[in-house]
>>> print(open('entry_27.cif').read())   # mmCIF, C-alpha atoms and all ligand atoms
data_structure
loop_
_atom_site.label_atom_id
_atom_site.label_comp_id
_atom_site.auth_asym_id
_atom_site.auth_seq_id
_atom_site.Cartn_x
_atom_site.Cartn_y
_atom_site.Cartn_z
CA LEU B 1 -22.25 -4.60 -12.40
CA LYS B 2 -20.85 -7.65 -10.73
CA THR B 3 -17.50 -8.19 -9.05
CA GLY B 4 -16.37 -11.72 -8.27
CA THR B 5 -13.98 -14.56 -8.93
CA ASP B 6 -16.05 -16.48 -11.51
CA ILE B 7 -13.66 -17.11 -14.40
CA HIS B 8 -16.33 -19.04 -16.31
CA HIS B 9 -18.66 -16.06 -16.25
CA ALA B 10 -15.77 -13.81 -17.32
CA ALA B 11 -14.90 -16.23 -20.14
CA SER B 12 -18.48 -16.34 -21.36
CA LEU B 13 -18.72 -12.52 -21.49
CA LEU B 14 -15.41 -12.33 -23.36
CA ARG B 15 -16.57 -14.97 -25.88
CA HIS B 16 -19.60 -12.78 -26.52
CA GLY B 17 -17.44 -9.79 -27.39
CA GLU B 18 -17.76 -8.02 -24.03
CA VAL B 19 -15.07 -6.31 -21.98
CA VAL B 20 -14.09 -7.60 -18.52
CA ALA B 21 -11.70 -6.11 -15.96
CA ILE B 22 -8.99 -8.61 -15.00
CA PRO B 23 -6.43 -8.69 -12.19
CA THR B 24 -2.75 -8.84 -12.97
CA GLU B 25 0.35 -8.52 -10.82
CA THR B 26 1.05 -5.06 -12.31
CA VAL B 27 -2.31 -3.25 -12.38
CA TYR B 28 -5.88 -4.26 -13.32
CA GLY B 29 -6.51 -4.57 -17.06
CA LEU B 30 -9.61 -3.95 -19.17
CA ALA B 31 -9.71 -7.00 -21.43
CA ALA B 32 -11.38 -8.04 -24.68
CA ASN B 33 -10.86 -10.65 -27.40
CA ALA B 34 -7.72 -9.42 -29.19
CA TYR B 35 -8.86 -11.01 -32.48
CA ASP B 36 -12.22 -9.20 -32.51
CA PRO B 37 -11.99 -5.52 -33.54
CA ASP B 38 -15.57 -4.83 -32.37
CA ALA B 39 -14.75 -6.11 -28.89
CA VAL B 40 -11.45 -4.17 -28.83
CA LEU B 41 -13.31 -1.02 -29.87
CA LYS B 42 -15.29 -1.25 -26.63
CA ILE B 43 -12.06 -0.95 -24.62
CA PHE B 44 -11.25 2.36 -26.32
CA LYS B 45 -14.80 3.61 -25.75
CA VAL B 46 -14.98 2.66 -22.07
CA LYS B 47 -11.55 4.18 -21.32
CA GLU B 48 -12.04 7.14 -23.67
CA ARG B 49 -8.63 6.19 -24.94
CA PRO B 50 -7.34 7.76 -28.17
CA PHE B 51 -6.83 5.31 -31.04
CA PHE B 52 -3.17 6.24 -31.38
CA ASP B 53 -2.43 4.48 -28.06
CA PRO B 54 -1.90 0.74 -28.75
CA LEU B 55 -2.86 -2.13 -26.41
CA ILE B 56 -0.88 -4.99 -24.89
CA VAL B 57 -1.92 -8.53 -25.90
CA HIS B 58 -1.98 -11.11 -23.10
CA THR B 59 -1.58 -14.88 -23.48
CA TRP B 60 -0.65 -17.74 -21.18
CA SER B 61 2.10 -19.53 -23.12
CA ILE B 62 5.12 -18.70 -25.26
CA GLU B 63 3.77 -21.06 -27.97
CA GLN B 64 0.75 -18.77 -28.29
CA VAL B 65 2.98 -15.75 -28.67
CA ASP B 66 4.59 -17.51 -31.65
CA ALA B 67 1.21 -17.28 -33.43
CA LEU B 68 1.01 -13.53 -32.82
CA VAL B 69 4.43 -12.53 -34.12
CA THR B 70 6.52 -13.14 -37.25
CA ASP B 71 9.87 -12.77 -35.53
CA PHE B 72 10.91 -13.69 -31.99
CA PRO B 73 14.60 -12.74 -31.74
CA PRO B 74 16.77 -14.93 -29.46
CA LEU B 75 17.37 -12.18 -26.91
CA ALA B 76 13.64 -11.52 -26.64
CA ARG B 77 12.98 -15.22 -26.19
CA LYS B 78 15.62 -15.37 -23.48
CA LEU B 79 13.88 -12.59 -21.56
CA ALA B 80 10.49 -14.25 -22.09
CA GLU B 81 11.72 -17.61 -20.83
CA ALA B 82 13.31 -16.06 -17.75
CA LEU B 83 10.63 -13.54 -16.82
CA TRP B 84 7.22 -14.80 -17.99
CA PRO B 85 4.74 -14.99 -16.41
CA GLY B 86 5.77 -11.55 -15.15
CA PRO B 87 5.81 -7.78 -15.59
CA LEU B 88 7.66 -7.76 -18.93
CA THR B 89 6.08 -6.71 -22.24
CA LEU B 90 7.90 -7.46 -25.50
CA VAL B 91 7.34 -5.41 -28.65
CA LEU B 92 7.73 -7.74 -31.65
CA LYS B 93 6.79 -7.80 -35.35
CA LYS B 94 3.13 -8.69 -35.59
CA SER B 95 1.50 -11.46 -37.60
CA GLY B 96 -1.71 -11.02 -39.57
CA ARG B 97 -3.80 -12.34 -36.67
CA ILE B 98 -3.69 -9.04 -34.81
CA PRO B 99 -6.16 -6.35 -35.93
CA ASP B 100 -4.72 -2.89 -36.65
CA LEU B 101 -6.91 -1.38 -33.95
CA VAL B 102 -4.93 -3.27 -31.29
CA THR B 103 -1.57 -1.91 -32.47
CA SER B 104 -2.73 1.54 -33.61
CA GLY B 105 -1.70 0.54 -37.11
CA SER B 106 1.85 -0.30 -36.07
CA GLU B 107 3.71 -3.27 -37.62
CA THR B 108 4.67 -4.35 -34.11
CA VAL B 109 2.60 -5.83 -31.31
CA ALA B 110 3.19 -5.65 -27.55
CA VAL B 111 2.78 -9.06 -25.84
CA ARG B 112 2.97 -10.33 -22.29
CA ILE B 113 2.15 -13.31 -20.08
CA PRO B 114 0.81 -11.86 -16.84
CA SER B 115 1.52 -13.50 -13.50
CA HIS B 116 -1.81 -13.83 -11.74
CA PRO B 117 -3.37 -17.24 -11.05
CA LEU B 118 -6.95 -16.17 -11.77
CA THR B 119 -6.11 -14.42 -15.03
CA LEU B 120 -3.88 -17.29 -16.18
CA GLU B 121 -6.77 -19.70 -15.53
CA LEU B 122 -9.09 -17.42 -17.49
CA LEU B 123 -6.67 -17.19 -20.43
CA LYS B 124 -6.46 -20.99 -20.53
CA LEU B 125 -10.25 -21.22 -20.89
CA LEU B 126 -10.20 -19.02 -23.98
CA ASP B 127 -9.14 -19.82 -27.52
CA PHE B 128 -8.10 -16.23 -28.17
CA PRO B 129 -5.62 -13.85 -26.47
CA LEU B 130 -6.80 -10.79 -24.54
CA ALA B 131 -6.00 -7.23 -25.52
CA ALA B 132 -5.89 -5.22 -22.32
CA PRO B 133 -4.68 -1.78 -21.31
CA SER B 134 -4.95 -0.62 -17.70
CA ALA B 135 -8.54 -0.46 -16.44
CA ASN B 136 -8.68 3.27 -15.73
CA PRO B 137 -10.13 6.24 -17.61
CA PHE B 138 -7.45 7.43 -20.05
CA GLY B 139 -4.74 9.52 -18.38
CA TYR B 140 -5.87 8.88 -14.79
CA ILE B 141 -4.21 6.86 -12.00
CA SER B 142 -3.95 3.12 -12.73
CA PRO B 143 -6.08 0.70 -10.62
CA THR B 144 -4.48 -1.85 -8.30
CA THR B 145 -7.68 -3.24 -6.72
CA ALA B 146 -11.09 -4.34 -8.02
CA GLN B 147 -12.62 -1.49 -6.01
CA HIS B 148 -10.50 1.08 -7.88
CA VAL B 149 -11.91 -0.27 -11.15
CA ALA B 150 -15.48 -0.29 -9.80
CA ASP B 151 -15.14 3.31 -8.60
CA GLN B 152 -14.22 4.58 -12.04
CA LEU B 153 -15.55 2.22 -14.68
CA GLY B 154 -18.15 0.26 -12.72
CA GLU B 155 -21.11 1.59 -14.63
CA LYS B 156 -19.58 0.96 -18.01
CA ILE B 157 -18.51 -2.69 -17.77
CA PRO B 158 -20.38 -5.92 -17.04
CA TYR B 159 -17.87 -7.73 -14.81
CA ILE B 160 -14.76 -7.23 -12.71
CA LEU B 161 -12.74 -10.33 -11.93
CA ASP B 162 -11.52 -9.71 -8.40
CA GLY B 163 -8.00 -11.01 -7.78
CA GLY B 164 -7.12 -8.90 -4.75
CA THR B 165 -4.43 -6.24 -4.66
CA SER B 166 -1.90 -6.17 -7.50
CA ASN B 167 1.40 -7.42 -6.14
CA VAL B 168 3.82 -5.34 -8.19
CA GLY B 169 1.70 -2.20 -8.42
CA VAL B 170 3.30 -0.50 -11.44
CA GLU B 171 2.83 -1.44 -15.09
CA SER B 172 5.05 -3.81 -17.03
CA THR B 173 8.44 -2.88 -18.42
CA ILE B 174 8.07 -2.54 -22.20
CA VAL B 175 11.07 -3.69 -24.21
CA SER B 176 11.68 -3.50 -27.95
CA PHE B 177 14.84 -4.47 -29.81
CA GLU B 178 17.05 -2.38 -32.01
CA GLY B 179 19.11 -5.09 -33.64
CA ASN B 180 20.42 -7.06 -30.69
CA VAL B 181 20.10 -4.22 -28.20
CA PRO B 182 17.13 -4.16 -25.82
CA CYS B 183 15.43 -0.79 -25.63
CA ILE B 184 13.25 0.07 -22.63
CA LEU B 185 10.23 1.96 -23.96
CA ARG B 186 8.60 2.17 -20.53
CA HIS B 187 10.13 1.46 -17.14
CA GLY B 188 8.07 -0.92 -15.06
CA GLY B 189 8.00 -4.03 -12.91
CA VAL B 190 11.22 -5.55 -14.32
CA SER B 191 14.30 -3.43 -13.67
CA GLY B 192 16.84 -2.37 -16.29
CA GLU B 193 19.45 -4.13 -14.16
CA THR B 194 17.59 -7.44 -14.54
CA ILE B 195 17.34 -7.02 -18.30
CA GLU B 196 21.05 -6.31 -18.53
CA LYS B 197 21.87 -9.33 -16.37
CA LEU B 198 19.76 -11.67 -18.51
CA THR B 199 20.80 -10.39 -21.95
CA GLY B 200 24.36 -9.37 -21.18
CA VAL B 201 23.65 -6.08 -22.97
CA PRO B 202 23.01 -2.77 -21.22
CA PRO B 203 19.56 -1.69 -22.42
CA ILE B 204 18.98 1.66 -24.08
CA SER B 205 16.65 3.48 -21.76
CA TYR B 206 15.11 6.89 -21.90
CA LYS B 207 13.75 9.39 -19.43
CA PRO B 208 10.08 10.17 -20.11
CA GLU B 209 10.88 13.76 -21.09
CA GLU B 210 13.27 12.52 -23.78
CA LYS B 211 11.32 9.66 -25.23
CA SER B 212 7.65 10.43 -24.79
CA GLN B 213 7.07 11.88 -28.22
CA LEU B 214 8.66 8.91 -29.96
CA VAL B 215 6.85 5.99 -28.32
CA PRO B 216 3.17 5.44 -29.09
CA GLY B 217 0.97 6.18 -26.13
CA GLN B 218 3.72 7.30 -23.77
CA LEU B 219 2.25 10.72 -23.12
CA LEU B 220 4.02 13.19 -20.89
CA SER B 221 0.89 13.70 -18.78
CA HIS B 222 -0.44 10.41 -17.47
CA TYR B 223 -1.42 8.80 -14.15
CA ALA B 224 -2.60 12.29 -13.28
CA PRO B 225 -4.49 13.09 -10.07
CA ARG B 226 -7.10 15.90 -10.04
CA HIS B 227 -5.12 17.93 -7.53
CA PRO B 228 -1.89 19.45 -8.87
CA LEU B 229 1.09 17.26 -8.04
CA ILE B 230 4.44 18.96 -7.61
CA LEU B 231 7.48 16.72 -7.78
CA GLY B 232 10.76 17.67 -6.17
CA ASP B 233 12.26 18.53 -2.81
CA ILE B 234 9.35 18.30 -0.38
CA GLU B 235 10.97 20.67 2.18
CA GLU B 236 11.33 23.31 -0.52
CA GLY B 237 7.73 22.78 -1.58
CA LEU B 238 6.52 23.23 1.98
CA LYS B 239 8.19 26.65 2.12
CA LEU B 240 6.90 27.64 -1.29
CA TYR B 241 3.29 26.71 -0.59
CA MET B 242 3.14 27.75 3.04
CA GLY B 243 -0.42 28.56 4.12
CA ARG B 244 -2.06 26.13 1.67
CA ARG B 245 -3.44 22.73 2.61
CA ILE B 246 -0.74 20.38 1.43
CA GLY B 247 -0.77 16.61 1.00
CA ILE B 248 2.52 14.75 0.93
CA LEU B 249 3.46 11.61 -1.00
CA SER B 250 6.90 10.63 0.21
CA PHE B 251 9.12 7.62 -0.24
CA SER B 252 9.86 6.90 3.43
CA GLY B 253 10.11 10.08 5.50
CA SER B 254 7.58 12.30 7.23
CA PHE B 255 7.67 16.08 7.52
CA ALA B 256 7.13 18.55 10.34
CA GLY B 257 4.30 21.04 10.07
CA VAL B 258 1.89 18.88 8.06
CA PRO B 259 -0.82 16.84 9.84
CA SER B 260 0.00 13.15 9.75
CA GLU B 261 -3.33 12.33 8.02
CA ASP B 262 -2.18 14.39 5.05
CA GLN B 263 1.12 12.53 4.77
CA TYR B 264 1.24 9.36 2.70
CA ILE B 265 4.40 7.29 2.94
CA MET B 266 5.07 4.72 0.22
CA SER B 267 7.38 2.58 2.36
CA ALA B 268 8.30 3.44 5.94
CA ASN B 269 11.22 1.00 5.68
CA GLY B 270 12.51 2.52 2.45
CA ASP B 271 11.73 -0.62 0.46
CA ILE B 272 11.36 0.20 -3.24
CA GLU B 273 9.18 -2.80 -4.06
CA GLU B 274 6.78 -1.94 -1.27
CA ALA B 275 6.74 1.66 -2.52
CA ALA B 276 5.83 0.51 -6.04
CA LYS B 277 3.02 -1.60 -4.68
CA ASN B 278 1.59 1.35 -2.72
CA LEU B 279 2.20 4.15 -5.22
CA PHE B 280 -1.07 4.26 -7.16
CA SER B 281 -3.41 3.50 -4.28
CA LEU B 282 -1.84 6.20 -2.09
CA LEU B 283 -2.00 8.68 -4.93
CA ARG B 284 -5.66 7.80 -5.35
CA LYS B 285 -6.34 8.23 -1.61
CA LEU B 286 -4.59 11.59 -1.59
CA ASP B 287 -6.59 12.66 -4.59
CA GLY B 288 -9.78 11.81 -2.70
CA THR B 289 -8.94 14.25 0.12
CA ASP B 290 -9.40 17.98 -0.24
CA VAL B 291 -5.77 18.98 -0.09
CA GLU B 292 -5.00 21.84 -2.49
CA ILE B 293 -1.60 20.63 -3.61
CA ILE B 294 0.22 17.31 -3.55
CA LEU B 295 3.95 17.46 -2.91
CA ALA B 296 5.77 14.32 -3.99
CA GLY B 297 9.38 13.27 -3.68
CA ASN B 298 11.39 11.03 -5.98
CA VAL B 299 12.55 7.63 -4.81
CA PRO B 300 16.11 6.33 -5.44
CA ASP B 301 16.48 5.95 -9.21
CA THR B 302 17.51 2.29 -9.28
CA GLY B 303 15.61 -0.95 -9.86
CA LEU B 304 11.86 -0.43 -9.64
CA GLY B 305 12.58 3.12 -8.49
CA ARG B 306 12.89 4.16 -12.14
CA ALA B 307 9.33 3.05 -12.84
CA ILE B 308 8.06 4.92 -9.77
CA ASN B 309 9.91 8.10 -10.71
CA ASP B 310 8.58 7.83 -14.26
CA ARG B 311 4.98 7.64 -12.98
CA LEU B 312 5.54 10.52 -10.54
CA PHE B 313 7.03 12.64 -13.30
CA ARG B 314 4.07 12.03 -15.62
CA ALA B 315 1.59 12.59 -12.79
CA SER B 316 3.23 16.00 -12.25
CA GLN B 317 2.78 17.10 -15.86
CA LYS B 318 -0.20 19.24 -16.82
CA LYS B 319 -2.82 17.62 -19.04
CA ASN B 320 -2.84 18.17 -22.82
CA LYS B 321 0.89 18.20 -23.05
P1 LIG B 401 -1.31 0.29 -20.78
O1 LIG B 401 -1.57 -1.19 -20.85
O2 LIG B 401 -2.51 1.12 -20.49
O3 LIG B 401 -0.17 0.57 -19.89
O4 LIG B 401 -0.86 0.74 -22.24
C1 LIG B 401 -0.09 -0.05 -23.05
C2 LIG B 401 1.11 0.71 -23.54
O5 LIG B 401 1.92 -0.19 -24.26
C3 LIG B 401 0.80 1.81 -24.54
O6 LIG B 401 0.55 3.04 -23.92
C4 LIG B 401 2.05 1.88 -25.41
O7 LIG B 401 2.95 2.83 -24.92
C5 LIG B 401 2.67 0.49 -25.25
N1 LIG B 401 2.56 -0.25 -26.50
C6 LIG B 401 1.57 -1.08 -26.88
N2 LIG B 401 1.78 -1.57 -28.10
C7 LIG B 401 2.96 -1.06 -28.53
C8 LIG B 401 3.73 -1.18 -29.72
N3 LIG B 401 3.32 -1.93 -30.73
N4 LIG B 401 4.90 -0.49 -29.79
C9 LIG B 401 5.31 0.26 -28.76
N5 LIG B 401 4.62 0.43 -27.60
C10 LIG B 401 3.47 -0.22 -27.49
MG MG B 402 -2.49 2.70 -18.85
#
>>> encode(input="entry_27.cif", output="structure tokens")
Amino acid sequence: LKTGTDIHHAASLLRHGEVVAIPTETVYGLAANAYDPDAVLKIFKVKERPFFDPLIVHTWSIEQVDALVTDFPPLARKLAEALWPGPLTLVLKKSGRIPDLVTSGSETVAVRIPSHPLTLELLKLLDFPLAAPSANPFGYISPTTAQHVADQLGEKIPYILDGGTSNVGVESTIVSFEGNVPCILRHGGVSGETIEKLTGVPPISYKPEEKSQLVPGQLLSHYAPRHPLILGDIEEGLKLYMGRRIGILSFSGSFAGVPSEDQYIMSANGDIEEAAKNLFSLLRKLDGTDVEIILAGNVPDTGLGRAINDRLFRASQKKNK
């Protein structure tokens, strides 16, 4: 395995039908030629991802997206023009260029222009778009550094393009359209407030427990650590699990009675964007300790806070649900 910043090496591997881990501002992706079903198949194998969970297709220009879709409604285009490159994924009607494997047989395709200089340079070298889900084993915590990818998939992939720490830290916001109404399928790096401001329409948005069965791939249990994660009032949890070794993942506060090395604070200043950036790597660190239980608290449910709370909720759900 090699980790580095050589986009020409990455491009050459991708042209030969290999998978490469790529940095984005949200999380690291595991990329392959979106037009080549054999290459895309490798993504599913490496991640052990079920085929019913479709992939996001990444390009570097809106003109390229036009070749991937048959319909680009005006509201969608407005969001694209305002927010790309950025943490927004649009679900649109797919053209014949996209293999069924990428979309899990769906008539729609999820597309995005990521905001990371290295990955944008790489995309410009290629004459095909990249299908890429997050570069983690299916259902586990998403990676926000090259090292996270190396730790989990290092032996299974030929190259990791190292672009430093992901700036946003949670996945993209996925938006589809029901008529002229935006519908948030997954909360992420673009807030619902921003989408409403740009479209003038309040988006339909669901809590994971309401929507998870209806959206492909949005499983109730996801981003799951190995240690059980209990989400709720941390003080209550401390009483309930007294006597056990407890790790804490809190938004901004610390708690008496738990050693400071077992307390992980997402943002000491109470800054939601900083919390989003730290969420997955702190969860990963906590999971590497030998605490018995992780107690986590919700963050304020506005802006990026919705994406964080969504990830915490899914991380708290038992597997196979
Ligand atoms: P990941 O990149 O690992 O966060 O996974 C991509 C997610 O995008 C999937 O889990 C799906 O929930 C979502 N997705 C991809 N394609 C579609 C689609 N055509 N329709 C709805 N959701 C999609
Ligand atoms: Mg994922």
>>> closest_residue(input="entry_27.cif", among="B:Asn33, B:Ser95, B:Asn136, B:Ser281", to="B:Ala150", atoms="only C-alpha atoms")
B:Asn136
>>> closest_residue(input="entry_27.cif", among="B:Thr103, B:Gln317, B:Ser115, B:Thr89", to="B:Ile195", atoms="only C-alpha atoms")
B:Thr89
>>> closest_atom_pairs(input="entry_27.cif", of="chain B", to="ligand LIG 401 (chain B)", cutoff="9 Å", atoms="only C-alpha atoms and all ligand atoms", output="Markdown table")
| residue | atom | partner | partner_atom | distance |
| --- | --- | --- | --- | --- |
| B:Val27 | CA | B:LIG401 | O3 | 8.7 |
| B:Gly29 | CA | B:LIG401 | O1 | 7.1 |
| B:Leu30 | CA | B:LIG401 | O1 | 8.7 |
| B:Phe52 | CA | B:LIG401 | O6 | 8.9 |
| B:Asp53 | CA | B:LIG401 | O6 | 5.3 |
| B:Pro54 | CA | B:LIG401 | C6 | 4.3 |
| B:Leu55 | CA | B:LIG401 | C6 | 4.6 |
| B:Ile56 | CA | B:LIG401 | C6 | 5.0 |
| B:Val57 | CA | B:LIG401 | N2 | 8.2 |
| B:Thr89 | CA | B:LIG401 | O5 | 8.0 |
| B:Leu90 | CA | B:LIG401 | C7 | 8.6 |
| B:Val91 | CA | B:LIG401 | N4 | 5.6 |
| B:Leu92 | CA | B:LIG401 | N3 | 7.4 |
| B:Lys93 | CA | B:LIG401 | N3 | 8.2 |
| B:Lys94 | CA | B:LIG401 | N3 | 8.3 |
| B:Val102 | CA | B:LIG401 | N2 | 7.6 |
| B:Thr103 | CA | B:LIG401 | N3 | 5.2 |
| B:Ser104 | CA | B:LIG401 | N3 | 7.5 |
| B:Gly105 | CA | B:LIG401 | N3 | 8.5 |
| B:Ser106 | CA | B:LIG401 | N3 | 5.8 |
| B:Glu107 | CA | B:LIG401 | N3 | 7.0 |
| B:Thr108 | CA | B:LIG401 | N3 | 4.4 |
| B:Val109 | CA | B:LIG401 | N3 | 4.0 |
| B:Ala110 | CA | B:LIG401 | N2 | 4.4 |
| B:Val111 | CA | B:LIG401 | N2 | 7.9 |
| B:Ala131 | CA | B:LIG401 | O1 | 8.8 |
| B:Ala132 | CA | B:LIG401 | O1 | 6.1 |
| B:Pro133 | CA | B:LIG401 | O1 | 3.2 |
| B:Ser134 | CA | B:LIG401 | O2 | 4.1 |
| B:Ala135 | CA | B:LIG401 | O2 | 7.4 |
| B:Asn136 | CA | B:LIG401 | O2 | 8.1 |
| B:Phe138 | CA | B:LIG401 | O2 | 8.0 |
| B:Gly139 | CA | B:LIG401 | O2 | 8.9 |
| B:Ser142 | CA | B:LIG401 | O2 | 8.1 |
| B:Glu171 | CA | B:LIG401 | O3 | 6.0 |
| B:Ser172 | CA | B:LIG401 | O3 | 7.4 |
| B:Ile174 | CA | B:LIG401 | O5 | 6.9 |
| B:Val175 | CA | B:LIG401 | C9 | 8.3 |
| B:Ser176 | CA | B:LIG401 | C9 | 7.4 |
| B:Leu185 | CA | B:LIG401 | N5 | 6.9 |
| B:Arg186 | CA | B:LIG401 | O7 | 7.2 |
| B:Ser212 | CA | B:LIG401 | O7 | 8.9 |
| B:Val215 | CA | B:LIG401 | C9 | 5.9 |
| B:Pro216 | CA | B:LIG401 | O7 | 4.9 |
| B:Gly217 | CA | B:LIG401 | O6 | 3.9 |
| B:Gln218 | CA | B:LIG401 | O7 | 4.7 |
| B:Leu219 | CA | B:LIG401 | O6 | 7.9 |
>>> write_last_selection(input="entry_27.cif", atoms="C-alpha atoms", output="mmCIF file, keeping the file's coordinate frame")
data_model
loop_
_atom_site.group_PDB
_atom_site.id
_atom_site.type_symbol
_atom_site.label_atom_id
_atom_site.label_comp_id
_atom_site.auth_asym_id
_atom_site.auth_seq_id
_atom_site.Cartn_x
_atom_site.Cartn_y
_atom_site.Cartn_z
ATOM 1 C CA VAL B 27 -2.310 -3.250 -12.380
ATOM 2 C CA GLY B 29 -6.510 -4.570 -17.060
ATOM 3 C CA LEU B 30 -9.610 -3.950 -19.170
ATOM 4 C CA PHE B 52 -3.170 6.240 -31.380
ATOM 5 C CA ASP B 53 -2.430 4.480 -28.060
ATOM 6 C CA PRO B 54 -1.900 0.740 -28.750
ATOM 7 C CA LEU B 55 -2.860 -2.130 -26.410
ATOM 8 C CA ILE B 56 -0.880 -4.990 -24.890
ATOM 9 C CA VAL B 57 -1.920 -8.530 -25.900
ATOM 10 C CA THR B 89 6.080 -6.710 -22.240
ATOM 11 C CA LEU B 90 7.900 -7.460 -25.500
ATOM 12 C CA VAL B 91 7.340 -5.410 -28.650
ATOM 13 C CA LEU B 92 7.730 -7.740 -31.650
ATOM 14 C CA LYS B 93 6.790 -7.800 -35.350
ATOM 15 C CA LYS B 94 3.130 -8.690 -35.590
ATOM 16 C CA VAL B 102 -4.930 -3.270 -31.290
ATOM 17 C CA THR B 103 -1.570 -1.910 -32.470
ATOM 18 C CA SER B 104 -2.730 1.540 -33.610
ATOM 19 C CA GLY B 105 -1.700 0.540 -37.110
ATOM 20 C CA SER B 106 1.850 -0.300 -36.070
ATOM 21 C CA GLU B 107 3.710 -3.270 -37.620
ATOM 22 C CA THR B 108 4.670 -4.350 -34.110
ATOM 23 C CA VAL B 109 2.600 -5.830 -31.310
ATOM 24 C CA ALA B 110 3.190 -5.650 -27.550
ATOM 25 C CA VAL B 111 2.780 -9.060 -25.840
ATOM 26 C CA ALA B 131 -6.000 -7.230 -25.520
ATOM 27 C CA ALA B 132 -5.890 -5.220 -22.320
ATOM 28 C CA PRO B 133 -4.680 -1.780 -21.310
ATOM 29 C CA SER B 134 -4.950 -0.620 -17.700
ATOM 30 C CA ALA B 135 -8.540 -0.460 -16.440
ATOM 31 C CA ASN B 136 -8.680 3.270 -15.730
ATOM 32 C CA PHE B 138 -7.450 7.430 -20.050
ATOM 33 C CA GLY B 139 -4.740 9.520 -18.380
ATOM 34 C CA SER B 142 -3.950 3.120 -12.730
ATOM 35 C CA GLU B 171 2.830 -1.440 -15.090
ATOM 36 C CA SER B 172 5.050 -3.810 -17.030
ATOM 37 C CA ILE B 174 8.070 -2.540 -22.200
ATOM 38 C CA VAL B 175 11.070 -3.690 -24.210
ATOM 39 C CA SER B 176 11.680 -3.500 -27.950
ATOM 40 C CA LEU B 185 10.230 1.960 -23.960
ATOM 41 C CA ARG B 186 8.600 2.170 -20.530
ATOM 42 C CA SER B 212 7.650 10.430 -24.790
ATOM 43 C CA VAL B 215 6.850 5.990 -28.320
ATOM 44 C CA PRO B 216 3.170 5.440 -29.090
ATOM 45 C CA GLY B 217 0.970 6.180 -26.130
ATOM 46 C CA GLN B 218 3.720 7.300 -23.770
ATOM 47 C CA LEU B 219 2.250 10.720 -23.120
#
>>> residues_around(input="entry_27.cif", residues="B:Pro85", least_positions_apart="4", cutoff="8 Å", atoms="all atoms listed in the file", output="ChimeraX atom specification")
/B:60,112-115
>>> atom_distance(input="entry_27.cif", atom1="atom CA of B:Val46", atom2="atom CA of B:Leu126")
22.3 Å
>>> closest_residue(input="entry_27.cif", among="B:Gly192, B:Pro99, B:Pro182, B:Gly163", to="B:Tyr28", atoms="all atoms listed in the file")
B:Gly163
>>> closest_residue(input="entry_27.cif", among="B:Ile184, B:Ile43, B:Leu130, B:Leu68", to="ligand MG 402 (chain B)", atoms="only C-alpha atoms and all ligand atoms")
B:Ile43
>>> closest_residue(input="entry_27.cif", among="B:Lys124, B:Lys277, B:Lys42, B:Arg311", to="ligand MG 402 (chain B)", atoms="all atoms listed in the file")
B:Arg311
>>> residues_around(input="entry_27.cif", residues="stretch 285-292 of chain B", least_positions_apart="2", cutoff="8 Å", atoms="only C-alpha atoms", output="PDB file with C-alpha atoms, in the coordinates of the input")
ATOM      1  CA  PRO B 225      -4.490  13.090 -10.070  1.00  0.00           C
ATOM      2  CA  ARG B 226      -7.100  15.900 -10.040  1.00  0.00           C
ATOM      3  CA  HIS B 227      -5.120  17.930  -7.530  1.00  0.00           C
ATOM      4  CA  PRO B 228      -1.890  19.450  -8.870  1.00  0.00           C
ATOM      5  CA  ARG B 244      -2.060  26.130   1.670  1.00  0.00           C
ATOM      6  CA  ARG B 245      -3.440  22.730   2.610  1.00  0.00           C
ATOM      7  CA  ILE B 246      -0.740  20.380   1.430  1.00  0.00           C
ATOM      8  CA  GLY B 247      -0.770  16.610   1.000  1.00  0.00           C
ATOM      9  CA  ASP B 262      -2.180  14.390   5.050  1.00  0.00           C
ATOM     10  CA  TYR B 264       1.240   9.360   2.700  1.00  0.00           C
ATOM     11  CA  SER B 281      -3.410   3.500  -4.280  1.00  0.00           C
ATOM     12  CA  LEU B 282      -1.840   6.200  -2.090  1.00  0.00           C
ATOM     13  CA  LEU B 283      -2.000   8.680  -4.930  1.00  0.00           C
ATOM     14  CA  ILE B 294       0.220  17.310  -3.550  1.00  0.00           C
TER      15      ILE B 294
END
>>> closest_residue(input="entry_27.cif", among="B:Glu25, B:Thr70, B:Pro37, B:Arg284", to="B:Gln152", atoms="all atoms listed in the file")
B:Arg284
>>> atom_distance(input="entry_27.cif", atom1="atom CA of B:Arg97", atom2="atom CA of B:Lys47")
23.8 Å
>>> residues_around(input="entry_27.cif", residues="B:Asp127", least_positions_apart="5", cutoff="12 Å", atoms="all atoms listed in the file", output="PyMOL selection string")
chain B and resi 11-12+14-15+33-35+59-60+64+122
>>> atom_distance(input="entry_27.cif", atom1="atom CA of B:His116", atom2="atom CA of B:Leu153")
21.3 Å
>>> axis_aligned_box(input="entry_27.cif", around="stretch 41-46 of chain B", padding_each_side="4 Å", output="lines of an AutoDock Vina configuration file")
center_x = -13.3
center_y = 1.2
center_z = -26.0
size_x = 12.0
size_y = 12.9
size_z = 15.8
>>> residues_around(input="entry_27.cif", residues="B:Gly188", least_positions_apart="6", cutoff="9 Å", atoms="only C-alpha atoms", output="PyMOL selection string")
chain B and resi 26+87-88+170-174+304-308+310
